[in-house]
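The file final.txt contains compact mmCIF, C-alpha atoms:
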```txt
# COMPACT_ATOMS: atom_id res chain seq x y z
CA MET A 27 38.46 110.96 -44.53
CA THR A 28 38.04 112.29 -48.06
CA PRO A 29 38.89 115.98 -48.22
CA ILE A 30 37.42 118.02 -51.06
CA GLN A 31 40.18 119.20 -53.39
CA THR A 32 40.55 122.96 -53.42
CA GLN A 33 42.38 125.46 -55.56
CA PRO A 34 43.70 128.59 -53.83
CA ARG A 35 41.68 131.53 -55.15
CA PRO A 36 41.24 135.07 -53.97
CA ALA A 37 37.80 135.78 -52.57
CA GLY A 38 35.87 137.75 -55.14
CA ALA A 39 32.53 139.42 -55.47
CA HIS A 40 31.02 136.23 -56.90
CA PRO A 41 29.22 134.11 -54.28
CA GLU A 42 30.66 130.90 -55.72
CA HIS A 43 34.17 132.19 -54.92
CA ARG A 44 33.45 132.66 -51.23
CA THR A 45 35.14 130.09 -49.03
CA ALA A 46 33.55 127.62 -46.64
CA VAL A 47 34.79 129.52 -43.60
CA GLU A 48 32.95 132.63 -44.82
CA VAL A 49 29.55 130.97 -45.15
CA MET A 50 29.53 127.90 -42.89
CA ASP A 51 27.02 127.41 -40.11
CA GLU A 52 28.13 126.69 -36.58
CA ALA A 53 29.05 123.06 -36.05
CA GLU A 54 26.37 120.66 -34.93
CA PRO A 55 26.85 118.89 -31.60
CA GLN A 56 29.91 116.64 -31.72
CA VAL A 57 29.79 113.09 -30.37
CA CYS A 58 32.26 110.23 -30.16
CA ASP A 59 32.07 107.43 -32.73
CA ASP A 60 31.74 104.79 -29.99
CA MET A 61 28.31 106.17 -29.03
CA SER A 62 25.36 103.83 -29.60
CA VAL A 63 22.60 104.70 -32.05
CA GLU A 64 20.07 104.97 -29.20
CA VAL A 65 22.21 107.42 -27.24
CA ALA A 66 22.90 109.45 -30.39
CA LEU A 67 19.15 109.73 -31.04
CA ALA A 68 18.64 110.88 -27.44
CA VAL A 69 21.41 113.50 -27.83
CA MET A 70 19.75 114.76 -31.02
CA ALA A 71 16.40 115.03 -29.28
CA ALA A 72 17.90 116.90 -26.33
CA ALA A 73 19.86 119.25 -28.61
CA ARG A 74 16.84 119.71 -30.90
CA THR A 75 18.91 118.98 -33.98
CA GLY A 76 18.64 116.59 -36.87
CA ARG A 77 22.32 115.76 -37.23
CA LEU A 78 25.50 115.14 -35.27
CA VAL A 79 29.17 115.54 -36.17
CA VAL A 80 30.98 112.30 -35.31
CA CYS A 81 34.56 112.33 -33.99
CA ASP A 82 37.01 109.58 -33.11
CA GLN A 83 38.87 109.08 -29.81
CA ASP A 84 41.40 111.77 -30.86
CA ASP A 85 38.66 114.36 -31.52
CA GLN A 86 39.21 114.07 -35.28
CA CYS A 87 36.04 114.53 -37.31
CA THR A 88 35.11 111.25 -39.02
CA GLY A 89 31.68 112.05 -40.42
CA LEU A 90 28.16 113.24 -39.88
CA VAL A 91 24.94 111.34 -39.14
CA THR A 92 21.34 112.44 -39.43
CA ARG A 93 18.24 111.53 -37.46
CA THR A 94 16.76 109.94 -40.59
CA GLU A 95 19.83 107.71 -41.05
CA LEU A 96 19.85 106.65 -37.41
CA ALA A 97 16.13 105.89 -37.44
CA ALA A 98 16.61 103.73 -40.54
CA VAL A 99 19.43 101.81 -38.85
CA ARG A 100 17.37 101.33 -35.70
CA GLY A 101 14.44 100.09 -37.76
CA SER A 102 16.47 97.53 -39.71
CA SER A 103 16.30 93.81 -38.97
CA ASP A 104 20.09 93.73 -38.33
CA TYR A 105 19.91 96.33 -35.56
CA THR A 106 21.13 95.55 -32.04
CA ASP A 107 21.89 97.85 -29.14
CA ARG A 108 25.60 97.19 -29.80
CA VAL A 109 25.62 99.14 -33.07
CA ARG A 110 27.92 102.15 -32.72
CA LEU A 111 28.11 105.26 -34.87
CA ARG A 112 31.47 104.14 -36.28
CA ASP A 113 29.71 101.01 -37.57
CA ILE A 114 27.28 102.98 -39.72
CA LEU A 115 29.30 105.93 -41.00
CA GLY A 116 29.89 104.31 -44.39
CA ASP A 117 30.77 106.97 -46.98
CA HIS A 118 30.19 109.92 -44.67
CA GLY A 119 33.86 110.80 -44.72
CA SER A 120 33.61 113.73 -47.15
CA PHE A 121 34.73 117.05 -45.77
CA ALA A 122 35.42 120.56 -46.95
CA SER A 123 38.47 122.57 -46.02
CA PRO A 124 37.84 126.06 -44.66
CA LEU A 125 39.36 127.28 -47.96
CA THR A 126 37.03 125.26 -50.20
CA THR A 127 35.03 127.60 -52.44
CA MET A 128 31.26 127.41 -52.44
CA ALA A 129 31.34 126.33 -56.10
CA GLU A 130 33.61 123.39 -55.22
CA ALA A 131 31.59 122.45 -52.13
CA GLY A 132 28.29 122.67 -54.01
CA GLN A 133 29.56 120.48 -56.82
CA ALA A 134 30.91 117.89 -54.36
CA MET A 135 27.68 117.85 -52.36
CA ARG A 136 25.50 117.43 -55.44
CA SER A 137 27.69 114.69 -56.95
CA ARG A 138 27.73 112.76 -53.65
CA ARG A 139 24.09 113.55 -52.89
CA LEU A 140 24.96 115.17 -49.58
CA GLY A 141 22.70 117.76 -47.99
CA VAL A 142 25.36 118.75 -45.47
CA LEU A 143 29.14 118.81 -45.60
CA PRO A 144 31.29 119.21 -42.48
CA VAL A 145 34.08 121.79 -42.64
CA VAL A 146 37.26 120.35 -41.13
CA ASP A 147 40.43 122.31 -40.39
CA GLU A 148 44.05 121.16 -40.64
CA GLN A 149 43.91 119.64 -37.14
CA GLY A 150 40.87 117.52 -38.03
CA SER A 151 38.47 119.57 -35.91
CA GLY A 152 35.02 120.37 -37.24
CA PRO A 153 34.43 124.11 -36.80
CA GLY A 154 31.26 124.15 -38.90
CA ILE A 155 29.05 122.72 -41.63
CA LEU A 156 27.88 123.69 -45.08
CA ALA A 157 24.30 122.99 -46.12
CA LEU A 158 22.83 123.16 -49.62
CA SER A 159 20.23 125.88 -49.99
CA ARG A 160 16.75 124.66 -50.66
```
Whole structure given in structure tokens:
Amino acid sequence: MTPIQTQPRPAGAHPEHRTAVEVMDEAEPQVCDDMSVEVALAVMAAARTGRLVVCDQDDQCTGLVTRTELAAVRGSSDYTDRVRLRDILGDHGSFASPLTTMAEAGQAMRSRRLGVLPVVDEQGSGPGILALSR
């Protein structure tokens, strides 16, 4: 897990000073990292969402996967039905703290080319996500 570094700052009138907890969206459905790609795609379809927050056996957030990523994995020549979400997470271990400012989160998301960044609290739970505005 790679937490985004934050500097404690008072919330101001400037939008970039608002914290993640003030602007985050509700968390996406959370699934365990031992789930297969096929089951994860079925969960996404049932939940009508394009992404899932992935947690380990201790309910600690370990990353986020999208429908596009899972479809690419399923379509690859290396794919088998034994591929688990933990096998494909790669560098999806970037997270924001609830105290991360929007300026910090935006910079981190752009530099890592992330469209979505999970917000993870001190206990490792994922209470929400941040998404770049279009």
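For the pair atom CA of Gln149 of chain A and atom CA of Leu111 of chain A, the interatomic distance is 21.5 Å.
Distances here use all atoms listed in the file; by that measure, the residue among A:Ala122, A:Ala131, A:Leu67, A:Val57 closest to Val99 of chain A is A:Leu67.
Proximity ranking of A:Leu96, A:Thr75, A:Leu143, A:Pro55 relative to Met128 of chain A places A:Leu143 first, based on all atoms listed in the file.
Shortest atom-to-atom contact with Val65 of chain A among A:Asp147, A:Asp107, A:Asp85, A:Glu130: A:Asp107, counting all atoms listed in the file.
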Tell me which protein, DNA and RNA residues are within 12 Å of Ala66 of chain A, counting only C-alpha atoms, leaving out same-chain ones fewer than 3 positions away, and put them as a PyMOL selection string. chain A and resi 55-63+69-80+90-97+99-100+107+109-112
Taking all atoms listed in the file into account, name the residue in A:Cys81, A:Ala98, A:Arg108, A:Leu156 that is nearest to Leu140 of chain A. A:Leu156
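Relative to atom CA of Gln86 of chain A, atom CA of His43 of chain A is found at 27.2 Å.
Using only C-alpha atoms, the shortest contact distance between Val145 of chain A and any of A:Gln133, A:Ser102, A:Gln83, A:Ser123 is found at A:Ser123.
Nearest-residue note for Asp84 of chain A: choosing from A:Ile114, A:Ser151, A:Ser137, A:Ala129, the minimum distance belongs to A:Ser151, counting all atoms listed in the file.
Atom to atom, atom CA of Phe121 of chain A and atom CA of Val146 of chain A stand 6.2 Å apart.
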Kindly output segment 84-98 of chain A as a compact mmCIF listing (two decimals), keeping the file's coordinate frame, after building N, CA, C and O atoms.
```
# COMPACT_ATOMS: atom_id res chain seq x y z
N ASP A 84 40.44 110.67 -30.85
CA ASP A 84 41.40 111.77 -30.86
C ASP A 84 40.75 113.10 -31.23
O ASP A 84 41.44 114.05 -31.60
N ASP A 85 39.43 113.16 -31.17
CA ASP A 85 38.66 114.36 -31.52
C ASP A 85 38.84 114.78 -32.98
O ASP A 85 38.70 115.95 -33.31
N GLN A 86 39.13 113.82 -33.85
CA GLN A 86 39.21 114.07 -35.28
C GLN A 86 37.86 113.79 -35.89
O GLN A 86 37.26 112.74 -35.65
N CYS A 87 37.35 114.71 -36.68
CA CYS A 87 36.04 114.53 -37.31
C CYS A 87 36.10 113.35 -38.28
O CYS A 87 36.98 113.28 -39.13
N THR A 88 35.15 112.42 -38.14
CA THR A 88 35.11 111.25 -39.02
C THR A 88 33.86 111.19 -39.87
O THR A 88 33.76 110.36 -40.76
N GLY A 89 32.88 112.04 -39.61
CA GLY A 89 31.68 112.05 -40.42
C GLY A 89 30.53 112.79 -39.78
O GLY A 89 30.72 113.51 -38.79
N LEU A 90 29.36 112.57 -40.34
CA LEU A 90 28.16 113.24 -39.88
C LEU A 90 27.01 112.26 -40.04
O LEU A 90 26.95 111.53 -41.04
N VAL A 91 26.13 112.20 -39.06
CA VAL A 91 24.94 111.34 -39.14
C VAL A 91 23.69 112.19 -38.94
O VAL A 91 23.72 113.19 -38.25
N THR A 92 22.61 111.75 -39.56
CA THR A 92 21.34 112.44 -39.43
C THR A 92 20.34 111.59 -38.67
O THR A 92 20.49 110.37 -38.56
N ARG A 93 19.31 112.23 -38.18
CA ARG A 93 18.24 111.53 -37.46
C ARG A 93 17.60 110.50 -38.38
O ARG A 93 17.31 109.37 -37.97
N THR A 94 17.38 110.86 -39.63
CA THR A 94 16.76 109.94 -40.59
C THR A 94 17.62 108.69 -40.77
O THR A 94 17.09 107.57 -40.78
N GLU A 95 18.93 108.86 -40.90
CA GLU A 95 19.83 107.71 -41.05
C GLU A 95 19.80 106.82 -39.81
O GLU A 95 19.73 105.59 -39.92
N LEU A 96 19.85 107.44 -38.64
CA LEU A 96 19.85 106.65 -37.41
C LEU A 96 18.54 105.91 -37.21
O LEU A 96 18.52 104.77 -36.77
N ALA A 97 17.43 106.55 -37.56
CA ALA A 97 16.13 105.89 -37.44
C ALA A 97 16.04 104.70 -38.39
O ALA A 97 15.49 103.66 -38.02
N ALA A 98 16.60 104.85 -39.58
CA ALA A 98 16.61 103.73 -40.54
C ALA A 98 17.44 102.57 -40.02
O ALA A 98 17.04 101.40 -40.14
```
